[in-house]
There are 2 protein chains.
Amino acid sequence: MAACGQPKHRIIIIGAGFGGAYTAKQLRRRLGDRVVIELINDSNYFVFQPLLPEVASGTINAQDAVTPLRLMLPGIEFRMAEVRDIDFDRQIVQLVQGSKRRLLESHYDHLVIANGQATNLSFLPGFSEHSLTLKNLSDAHHLRNMVIERLEHADITKDKVLKQRLLTFVVAGGGFSGVETIGEMSEMIARTLKYYPNIRPDELRGILVQRGDRILPELPASLAAYAHRQLQRRGISIRLNCGLKSASATAVELDNGDRIQTATLVSTIGNGPSQLVLELQEKQGLKLERGKIVTQRSLQVSGRENVWSLGDTALIPLTENPRTASDYAPPTAQFAVREARCLAANMAATLAGRPTRSFHYKPRGSLASIGNYKAVAKVFGVRFSGVLAWSMWRGFYMLMLPGFITKLRVALNWFLDYFVPRTIVQVSTRATRACRYVRYTAGDLIVVPGQIVDGLYIVVDGQLEWLRTGPDGQRQVQQLDAGEHWGNQFLPDNLATDDTLRAATDCRVLILRRDDFTALHDALPPIREYLNTITAKASLENQ
Amino acid sequence: MAACGQPKHRIIIIGAGFGGAYTAKQLRRRLGDRVVIELINDSNYFVFQPLLPEVASGTINAQDAVTPLRLMLPGIEFRMAEVRDIDFDRQIVQLVQGSKRRLLESHYDHLVIANGQATNLSFLPGFSEHSLTLKNLSDAHHLRNMVIERLEHADITKDKVLKQRLLTFVVAGGGFSGVETIGEMSEMIARTLKYYPNIRPDELRGILVQRGDRILPELPASLAAYAHRQLQRRGISIRLNCGLKSASATAVELDNGDRIQTATLVSTIGNGPSQLVLELQEKQGLKLERGKIVTQRSLQVSGRENVWSLGDTALIPLTENPRTASDYAPPTAQFAVREARCLAANMAATLAGRPTRSFHYKPRGSLASIGNYKAVAKVFGVRFSGVLAWSMWRGFYMLMLPGFITKLRVALNWFLDYFVPRTIVQVSTRATRACRYVRYTAGDLIVVPGQIVDGLYIVVDGQLEWLRTGPDGQRQVQQLDAGEHWGNQFLPDNLATDDTLRAATDCRVLILRRDDFTALHDALPPIREYLNTITAKASLENQ
């Protein structure tokens with residue numbers, strides 16, 4: 001421990017999920033002002049992850065499900081910044097922060113890596129482009145708005161195929177997160193349907209796709225079976241033993257060849273190491289296993305005395321000779337909080353020159369809500385289901401929520417939700433990316449006659465077909481290959497087209513929004529010339 | 001009135017502000033199922049505009065300040081869509097809706113234009129790019145997040161000039177909206193400052209810029225003077241008789257030549273006709289005056305029996321020979337609600353072949369909150385100020401809020417706000433536009449050594465200077481003119497630069513975000529070649 005007059009020890013914690021935030025809290029409690037604790041996170045709030053499905057379904061307001069970190073962790077130096085790199089030998093964290101995005105270096109004596117896992121869906125074609133995830137508050141808010149947008153569009157469209165696609169909701173993954181998400185979504189839709197006079201309940205489809213032979217593998221089979229029956233009773237179709245193959249703007253493809261026409265795919269699968277952790281593995285030999293940082297039972301990273309990890313980021317052995325998945329700590333909030341307590345004690349011991357102790361914890365239970373005032377739970381070995389389990393689930397969350405104010409806010413939201421109709425306010429996220437990749441399935445109609453052309457379509461791979469009526473009144477078809485583009489002739493005047501643009505094969509298209517096209521077009525004369533030339537050439541070729 | 005068997009009359013209402021939404025409600029009440037009422041709006045909720053400053057300051061959750069239109073207006077056919085055009089002769093509204101953005105036509109027997117006013121700031125250079133507005137829920141949500149972001153950045157920066165700029169907040173316009181906005185913002189910042197240990201209260205600057213010789217011209221001079229004193233006492237500087245000249249990424253310029261270094265400019269000025277109304281004036285001879293649709297005292301649009309207008313959209317005479325501004329209905333919620341009642345009665349009369357009556361209304365009073373539990377009010381000719389006026393102001397809003405549920409939500413928010421700390425959760429809006437125009441003032445440092453280059457900088461007008469160290473160790477300066485770009489050499493590897501990019505003159509730059517640059521670069525080979533060639537050439541020229 002730093003003696004009087006000596007510089008204080010600096011502890012840097014990366015990530016403010018359950019692992020990082022509770023480590024900061026415990027360290028502050030144990031070591032007080034004798035150390036400087038710097039917490040680095042990319043948002044300024046702590047999000048209670050298990051509540052995200054309830055935010056997505058509008059039960060809880062987005063702002064009420066989270067706690068500002070500066071409020072939750074007094075005495076901690078908080079920095080909203082992005083970690084770019086870590087140098088273990090120089091004991092330096094390199095970060096980018098603030099409006100100027102300048103590179104900064106911050107020195108540490110002890111480092112805690114707790115930045116969680118990232119979603120990597122690149123192994124499934126189209127998933128990165130078309131699946132919604134539920135990792136943070138923004139995701140939950142976005143999912144809620146997307147569901148409402150689908151209902152708004154379905155209520156006014158006259159196109160039956162489009163309507164069915166808009167009213168089909170697919171969730172990938174049948175674990176806790178997938179089950180709670182589809183349960184909450186189905187409850188939300190059921191409760192708001194009365195405002196959409198042109199949508200009949202039997203037009204709605206909810207589909208849960210699970211690779212394993214049952215849902216909720218984290219819970220006993222009998223509870224999973226209960227949840228399964230409850231979801232089925234509410235009209236949700238559960239596809240077991242079923243893998244995912246690809247997604248497009250219009251459909252999800254399963255590995256048995258089935259195609260589900262849908263506009264809304266939520267993915268709860270594909271968790272893997274963050275970019276930062278992958279780079280540390282590559283450049284500095286950080287040891288990963290099962291996509292996680294391997295730690296000792298003391299929570300120190302193997303081979304580094306002053307680097308620690310916990311939570312979803314870490315692979316933490318529960319026995320001396322771990323063999324199967326169950327010999328490691330599971331990635332739950334319950335475990336992360338206990339790990340934080342152990343980590344803080346061990347770091348304090350290390351600073352004082354005392355020995356560390358091994359992490360061990362016996363979980364008290366597991367709970368999963370399935371919406372509609374029902375849940376399943378196993379607590380102290382006893383199984384519960386239905387309204388009783390649901391009450392326990394809410395009570396347990398109340399206990400876990402950090403701070404009185406957040407508890408009060410969530411309680412008020414729950415209270416209101418019971419008595420008043422679920423709100424269907426669609427708060428638009430301000431702006432979408434200028435460039436977005438879209439994957440289409442062969443045969444998909446991308447642009448149809450009468451549609452306002454809203455962007456420039458650039459073929460990335462695969463082929464498109466452009467169908468139009470030539471000057472002689474004959475129908476003409478032109479093929480567009482990778483690197484070719486379509487739409488610029490309609491964009492300057494914001495016109496509707498008489499043409500059709502169709503996916504000739506499965507393909508990937510980059511769409512540049514109209515406003516951004518216009519801005520680039522106006523600012524860079526050579527690009528303007530290039531785009532116009534190609535159109536002229538393409539038009540001539542076919543005449 | 002349509003007899004049995006005849007097709008029902010179709011009424012289309014465009015816009016769901018106070019004017020449009022209350023017209024729909026009144027028409028439904030008067031005419032019931034005998035007519036079809038279609039309400040078209042670009043969002044699916046009714047926003048209680050006067051509460052937006054409170055949403056921006058975090059007193060009220062964004063979702064709680066609004067009411068879903070489908071809930072508020074049962075029996076009305078609601079359509080979330082964008083109106084593209086109106087054909088008065090064919091009695092057709094042309095609209096774009098849904099995910100496919102197809103053009104649709106909808107026929108009307110009677111039409112109500114109530115789409116409000118738009119903000120047009122193009123007459124002030126840099127205002128479109130750099131001022132925040134407060135017209136809708138998304139604006140309010142965004143402003144709140146921007147203020148918190150400034151505090152987060154100011155708390156961690158070591159750059160004193162940047163810190164002062166981050167902590168200076170400028171509001172343009174000293175009417176109701178401007179005064180309430182700066183009052184609420186200053187209260188919010190004062191209440192949250194305790195979480196930012198590196199910001200001292202005396203580092204904060206709030207500036208209200210007003211063209212006239214006093215604030216709140218809508219209220220008696222004595223009340224305006226009270227509000228003025230109260231705001232000053234809280235450290236807000238009020239610049240009277242002061243016009244605005246321009247804005248940039250770093251400063252606001254006043255017409256007396258003063259420059260205020262600021263990163264946050266909120267504009268409550270520049271209201272004018274919407275694009276739709278302007279086009280109707282141009283193409284179909286709709287008569288505008290003072291930027292509004294001229295109506296008769298019956299609220300019928302001059303020259304058209306079956307076209308109506310009200311609210312902010314319309315210029316409604318209160319006397320037979322209107323001369324000054326006070327002879328027309330003011331653009332307030334109070335008036336819009338009364339206008340809606342009169343419009344519905346007159347339309348019912350027209351359908352029944354009865355004569356219409358002239359609109360007249362004597363307002364009960366005016367109120368403006370200045371934050372910190374204080375307000376100013378003039379009600380039934382009597383003046384009030386301080387906590388009493390503030391209580392009246394809240395009570396009046398409670399009365400005006402549509403529906404019990406919204407009242408309950410807002411009341412709970414107010415209650416909570418009194419007892420618990422203001423939340424500083426920064427919920428990021430998901431994505432920013434790929435291309436954004438930024439205006440810089442001569443001398444501004446745009447990119448500095450050590451900064452990660454986050455986009456491609458394209459000069460739209462003016463000149464930039466690129467400063468770097470050549471291979472011989474000498475400092476080199478290169479000028480970039482309109483159409484030239486900078487940054488592509490750093491983008492592929494996400495590198496920090498050692499160079500400086502500076503505004504040589506006042507200039508406008510289009511910045512294309514890194515992700516979008518990369519996507520376009522990869523998808524369009526000729527663009528890649530063009531961009532790389534220019535860099536290579538530019539680099540060679542100077543060696």
# chains A, B, ... in the order shown; residues from 1 in each chain; ligands from 1
$ interface_residues --of "chain A" --to "chain B" --cutoff "6 Å" --atoms "only C-alpha atoms" --output "VMD selection string"
chain A and resid 45 68 70 98 101 to 103 153 195 424 to 425 429 431 to 435 450 to 452 460 483 516 523 to 524
$ residues_around --residues "Glu253 in chain A" --least-positions-apart "3" --cutoff "12 Å" --atoms "only C-alpha atoms" --output "PyMOL selection string"
chain A and resi 124-127+170+172+209+242-250+256-262+265+440-441+506
$ closest_residue --among "A:Glu180, A:Asp89, A:Glu38, A:Asp498" --to "Asn372 in chain A" --atoms "only C-alpha atoms"
A:Glu180
$ atom_distance --atom1 "CA of Pro317 in chain A" --atom2 "CA of Tyr361 in chain A"
11.2 Å
$ closest_residue --among "B:Ala24, B:Gly365, B:Trp414, B:Gly270" --to "Val55 in chain B" --atoms "only C-alpha atoms"
B:Trp414
$ residues_around --residues "Gln91 in chain B" --least-positions-apart "2" --cutoff "12 Å" --atoms "only C-alpha atoms" --output "PyMOL selection string"
chain B and resi 10-12+85-89+93-94+105-112+304-307
$ write_last_selection --atoms "N, CA and C atoms" --output "compact mmCIF listing (two decimals), in the first residue's frame"
# COMPACT_ATOMS: atom_id res chain seq x y z
N ARG B 10 -65.42 12.14 -47.14
CA ARG B 10 -64.05 11.89 -46.66
C ARG B 10 -63.39 13.20 -46.27
N ILE B 11 -62.91 13.27 -45.03
CA ILE B 11 -62.20 14.46 -44.56
C ILE B 11 -60.75 14.06 -44.30
N ILE B 12 -59.82 14.78 -44.92
CA ILE B 12 -58.40 14.50 -44.65
C ILE B 12 -57.82 15.66 -43.85
N ASP B 85 -47.74 16.08 -52.06
CA ASP B 85 -48.37 17.09 -52.90
C ASP B 85 -49.88 17.06 -52.65
N ILE B 86 -50.55 18.16 -53.01
CA ILE B 86 -52.01 18.22 -52.95
C ILE B 86 -52.49 18.77 -54.28
N ASP B 87 -53.54 18.18 -54.82
CA ASP B 87 -54.15 18.71 -56.04
C ASP B 87 -55.54 19.22 -55.66
N PHE B 88 -55.67 20.55 -55.54
CA PHE B 88 -56.93 21.13 -55.08
C PHE B 88 -58.07 20.86 -56.06
N ASP B 89 -57.76 20.84 -57.36
CA ASP B 89 -58.83 20.67 -58.35
C ASP B 89 -59.36 19.24 -58.35
N VAL B 93 -54.84 14.07 -52.21
CA VAL B 93 -53.58 14.23 -51.47
C VAL B 93 -52.65 13.12 -51.93
N GLN B 94 -51.44 13.50 -52.36
CA GLN B 94 -50.46 12.51 -52.79
C GLN B 94 -49.50 12.26 -51.63
N GLU B 105 -52.39 7.93 -53.69
CA GLU B 105 -53.27 9.08 -53.75
C GLU B 105 -54.48 8.83 -52.87
N SER B 106 -54.92 9.85 -52.18
CA SER B 106 -56.08 9.71 -51.31
C SER B 106 -57.04 10.87 -51.63
N HIS B 107 -58.30 10.52 -51.82
CA HIS B 107 -59.30 11.53 -52.22
C HIS B 107 -59.94 12.18 -51.00
N TYR B 108 -60.25 13.47 -51.10
CA TYR B 108 -60.94 14.12 -50.00
C TYR B 108 -62.15 14.90 -50.50
N ASP B 109 -63.13 15.06 -49.63
CA ASP B 109 -64.20 16.03 -49.88
C ASP B 109 -63.87 17.34 -49.19
N HIS B 110 -63.32 17.22 -47.98
CA HIS B 110 -62.84 18.40 -47.26
C HIS B 110 -61.42 18.14 -46.78
N LEU B 111 -60.61 19.18 -46.82
CA LEU B 111 -59.20 19.06 -46.45
C LEU B 111 -58.86 20.09 -45.39
N VAL B 112 -58.12 19.67 -44.36
CA VAL B 112 -57.63 20.59 -43.33
C VAL B 112 -56.11 20.57 -43.36
N ARG B 304 -61.23 28.74 -51.57
CA ARG B 304 -61.55 27.31 -51.64
C ARG B 304 -62.55 26.98 -50.53
N GLU B 305 -63.74 26.58 -50.89
CA GLU B 305 -64.79 26.25 -49.91
C GLU B 305 -64.44 25.03 -49.07
N ASN B 306 -63.74 24.06 -49.67
CA ASN B 306 -63.54 22.78 -48.98
C ASN B 306 -62.10 22.58 -48.50
N VAL B 307 -61.34 23.68 -48.43
CA VAL B 307 -59.99 23.58 -47.87
C VAL B 307 -59.92 24.51 -46.67
$ residues_around --residues "Ala442 in chain B" --least-positions-apart "4" --cutoff "8 Å" --atoms "only C-alpha atoms" --output "CSV table (one decimal) with C-alpha atoms, in the first residue's frame"
chain,number,residue,atom,x,y,z
B,503,ALA,CA,-9.3,26.8,-41.8
B,504,ALA,CA,-7.4,29.4,-43.8
B,505,THR,CA,-10.7,31.4,-44.4
B,506,ASP,CA,-14.2,31.1,-43.2
B,507,CYS,CA,-15.2,27.9,-45.0
$ decode --residues "range 70-212 of chain B" --atoms "C-alpha atoms" --output "mmCIF file, in the first residue's frame"
data_model
loop_
_atom_site.group_PDB
_atom_site.id
_atom_site.type_symbol
_atom_site.label_atom_id
_atom_site.label_comp_id
_atom_site.auth_asym_id
_atom_site.auth_seq_id
_atom_site.Cartn_x
_atom_site.Cartn_y
_atom_site.Cartn_z
ATOM 1 C CA ARG B 70 -54.210 6.094 -32.036
ATOM 2 C CA LEU B 71 -54.967 6.135 -28.303
ATOM 3 C CA MET B 72 -55.963 9.802 -28.228
ATOM 4 C CA LEU B 73 -58.239 9.693 -31.256
ATOM 5 C CA PRO B 74 -60.359 6.544 -31.437
ATOM 6 C CA GLY B 75 -62.488 6.299 -34.568
ATOM 7 C CA ILE B 76 -60.049 8.315 -36.655
ATOM 8 C CA GLU B 77 -58.173 6.622 -39.509
ATOM 9 C CA PHE B 78 -54.574 7.390 -38.705
ATOM 10 C CA ARG B 79 -51.833 7.173 -41.291
ATOM 11 C CA MET B 80 -48.141 7.699 -40.544
ATOM 12 C CA ALA B 81 -47.026 9.074 -43.880
ATOM 13 C CA GLU B 82 -45.427 12.017 -45.613
ATOM 14 C CA VAL B 83 -47.562 14.304 -47.806
ATOM 15 C CA ARG B 84 -45.814 14.991 -51.095
ATOM 16 C CA ASP B 85 -48.373 17.094 -52.900
ATOM 17 C CA ILE B 86 -52.012 18.218 -52.950
ATOM 18 C CA ASP B 87 -54.150 18.713 -56.037
ATOM 19 C CA PHE B 88 -56.934 21.129 -55.083
ATOM 20 C CA ASP B 89 -58.834 20.669 -58.349
ATOM 21 C CA ARG B 90 -58.846 16.869 -58.299
ATOM 22 C CA GLN B 91 -59.266 16.859 -54.486
ATOM 23 C CA ILE B 92 -56.341 14.477 -54.077
ATOM 24 C CA VAL B 93 -53.581 14.230 -51.474
ATOM 25 C CA GLN B 94 -50.464 12.508 -52.795
ATOM 26 C CA LEU B 95 -48.477 10.728 -50.125
ATOM 27 C CA VAL B 96 -45.555 8.432 -49.516
ATOM 28 C CA GLN B 97 -45.831 5.843 -46.774
ATOM 29 C CA GLY B 98 -44.477 2.665 -45.343
ATOM 30 C CA SER B 99 -41.273 0.787 -45.796
ATOM 31 C CA LYS B 100 -41.562 0.671 -49.575
ATOM 32 C CA ARG B 101 -42.081 4.436 -49.957
ATOM 33 C CA ARG B 102 -44.653 3.952 -52.698
ATOM 34 C CA LEU B 103 -46.647 6.922 -54.015
ATOM 35 C CA LEU B 104 -50.326 6.810 -53.085
ATOM 36 C CA GLU B 105 -53.272 9.084 -53.753
ATOM 37 C CA SER B 106 -56.081 9.710 -51.308
ATOM 38 C CA HIS B 107 -59.295 11.526 -52.217
ATOM 39 C CA TYR B 108 -60.945 14.122 -49.995
ATOM 40 C CA ASP B 109 -64.205 16.025 -49.882
ATOM 41 C CA HIS B 110 -62.841 18.400 -47.255
ATOM 42 C CA LEU B 111 -59.202 19.060 -46.446
ATOM 43 C CA VAL B 112 -57.633 20.592 -43.331
ATOM 44 C CA ILE B 113 -54.041 21.821 -43.631
ATOM 45 C CA ALA B 114 -52.529 21.901 -40.151
ATOM 46 C CA ASN B 115 -48.952 20.793 -40.615
ATOM 47 C CA GLY B 116 -47.498 23.728 -38.668
ATOM 48 C CA GLN B 117 -44.429 25.687 -39.544
ATOM 49 C CA ALA B 118 -40.930 24.584 -40.405
ATOM 50 C CA THR B 119 -37.623 26.005 -39.281
ATOM 51 C CA ASN B 120 -35.693 27.750 -42.011
ATOM 52 C CA LEU B 121 -32.315 29.063 -40.955
ATOM 53 C CA SER B 122 -30.634 29.182 -44.341
ATOM 54 C CA PHE B 123 -30.485 32.984 -44.205
ATOM 55 C CA LEU B 124 -27.909 32.764 -41.402
ATOM 56 C CA PRO B 125 -24.669 31.082 -42.564
ATOM 57 C CA GLY B 126 -23.814 28.035 -40.460
ATOM 58 C CA PHE B 127 -27.125 27.934 -38.583
ATOM 59 C CA SER B 128 -28.545 24.982 -40.521
ATOM 60 C CA GLU B 129 -25.364 23.037 -39.780
ATOM 61 C CA HIS B 130 -24.734 24.024 -36.185
ATOM 62 C CA SER B 131 -27.864 25.113 -34.381
ATOM 63 C CA LEU B 132 -30.064 22.735 -32.465
ATOM 64 C CA THR B 133 -33.813 23.300 -32.673
ATOM 65 C CA LEU B 134 -36.686 22.366 -30.400
ATOM 66 C CA LYS B 135 -39.574 21.522 -32.719
ATOM 67 C CA ASN B 136 -40.236 17.882 -31.903
ATOM 68 C CA LEU B 137 -39.558 15.136 -29.396
ATOM 69 C CA SER B 138 -36.469 13.946 -31.161
ATOM 70 C CA ASP B 139 -34.987 17.469 -31.028
ATOM 71 C CA ALA B 140 -35.619 17.698 -27.292
ATOM 72 C CA HIS B 141 -34.085 14.287 -26.668
ATOM 73 C CA HIS B 142 -31.101 15.211 -28.777
ATOM 74 C CA LEU B 143 -30.538 18.576 -27.066
ATOM 75 C CA ARG B 144 -30.525 16.874 -23.673
ATOM 76 C CA ASN B 145 -27.955 14.340 -24.820
ATOM 77 C CA MET B 146 -25.800 17.062 -26.366
ATOM 78 C CA VAL B 147 -25.717 19.068 -23.116
ATOM 79 C CA ILE B 148 -24.675 15.967 -21.154
ATOM 80 C CA GLU B 149 -22.042 15.150 -23.754
ATOM 81 C CA ARG B 150 -20.569 18.662 -23.367
ATOM 82 C CA LEU B 151 -20.350 18.166 -19.593
ATOM 83 C CA GLU B 152 -18.745 14.729 -19.973
ATOM 84 C CA HIS B 153 -16.157 16.115 -22.389
ATOM 85 C CA ALA B 154 -15.503 19.267 -20.362
ATOM 86 C CA ASP B 155 -14.895 17.149 -17.253
ATOM 87 C CA ILE B 156 -12.056 15.198 -18.836
ATOM 88 C CA THR B 157 -10.368 17.653 -21.218
ATOM 89 C CA LYS B 158 -7.092 19.361 -20.332
ATOM 90 C CA ASP B 159 -7.486 21.954 -23.125
ATOM 91 C CA LYS B 160 -8.683 25.220 -21.527
ATOM 92 C CA VAL B 161 -9.960 26.864 -24.715
ATOM 93 C CA LEU B 162 -11.925 23.743 -25.598
ATOM 94 C CA LYS B 163 -13.286 23.501 -22.063
ATOM 95 C CA GLN B 164 -14.608 27.063 -22.144
ATOM 96 C CA ARG B 165 -16.226 26.434 -25.503
ATOM 97 C CA LEU B 166 -17.852 23.230 -24.206
ATOM 98 C CA LEU B 167 -19.243 25.065 -21.172
ATOM 99 C CA THR B 168 -20.748 27.991 -23.097
ATOM 100 C CA PHE B 169 -24.402 27.552 -24.088
ATOM 101 C CA VAL B 170 -26.072 30.047 -26.412
ATOM 102 C CA VAL B 171 -29.809 30.301 -27.060
ATOM 103 C CA ALA B 172 -30.990 32.413 -30.000
ATOM 104 C CA GLY B 173 -34.369 34.092 -29.538
ATOM 105 C CA GLY B 174 -35.844 35.612 -26.363
ATOM 106 C CA GLY B 175 -39.500 34.679 -26.830
ATOM 107 C CA PHE B 176 -41.399 32.040 -24.804
ATOM 108 C CA SER B 177 -39.491 29.155 -26.301
ATOM 109 C CA GLY B 178 -36.009 30.682 -25.932
ATOM 110 C CA VAL B 179 -36.589 31.838 -22.351
ATOM 111 C CA GLU B 180 -38.039 28.509 -21.218
ATOM 112 C CA THR B 181 -35.223 26.637 -22.933
ATOM 113 C CA ILE B 182 -32.388 28.584 -21.329
ATOM 114 C CA GLY B 183 -34.172 28.551 -17.963
ATOM 115 C CA GLU B 184 -34.590 24.779 -18.027
ATOM 116 C CA MET B 185 -31.081 24.158 -19.364
ATOM 117 C CA SER B 186 -29.512 26.285 -16.667
ATOM 118 C CA GLU B 187 -31.498 24.492 -13.963
ATOM 119 C CA MET B 188 -30.508 21.108 -15.360
ATOM 120 C CA ILE B 189 -26.817 21.982 -15.513
ATOM 121 C CA ALA B 190 -26.848 23.478 -12.019
ATOM 122 C CA ARG B 191 -28.448 20.341 -10.614
ATOM 123 C CA THR B 192 -26.097 17.892 -12.311
ATOM 124 C CA LEU B 193 -22.830 19.753 -11.796
ATOM 125 C CA LYS B 194 -22.063 17.858 -8.594
ATOM 126 C CA TYR B 195 -21.295 14.756 -10.672
ATOM 127 C CA TYR B 196 -18.597 16.555 -12.642
ATOM 128 C CA PRO B 197 -15.782 17.183 -10.148
ATOM 129 C CA ASN B 198 -13.581 19.005 -12.660
ATOM 130 C CA ILE B 199 -16.143 21.656 -13.627
ATOM 131 C CA ARG B 200 -16.460 24.751 -11.405
ATOM 132 C CA PRO B 201 -19.799 26.626 -11.481
ATOM 133 C CA ASP B 202 -18.032 29.854 -12.516
ATOM 134 C CA GLU B 203 -16.766 28.169 -15.677
ATOM 135 C CA LEU B 204 -20.312 27.883 -17.029
ATOM 136 C CA ARG B 205 -21.771 30.512 -19.340
ATOM 137 C CA GLY B 206 -25.376 30.771 -20.529
ATOM 138 C CA ILE B 207 -26.140 33.468 -23.102
ATOM 139 C CA LEU B 208 -29.545 34.473 -24.449
ATOM 140 C CA VAL B 209 -29.473 36.550 -27.636
ATOM 141 C CA GLN B 210 -32.547 38.638 -28.447
ATOM 142 C CA ARG B 211 -33.030 41.009 -31.366
ATOM 143 C CA GLY B 212 -35.640 43.160 -29.606
#
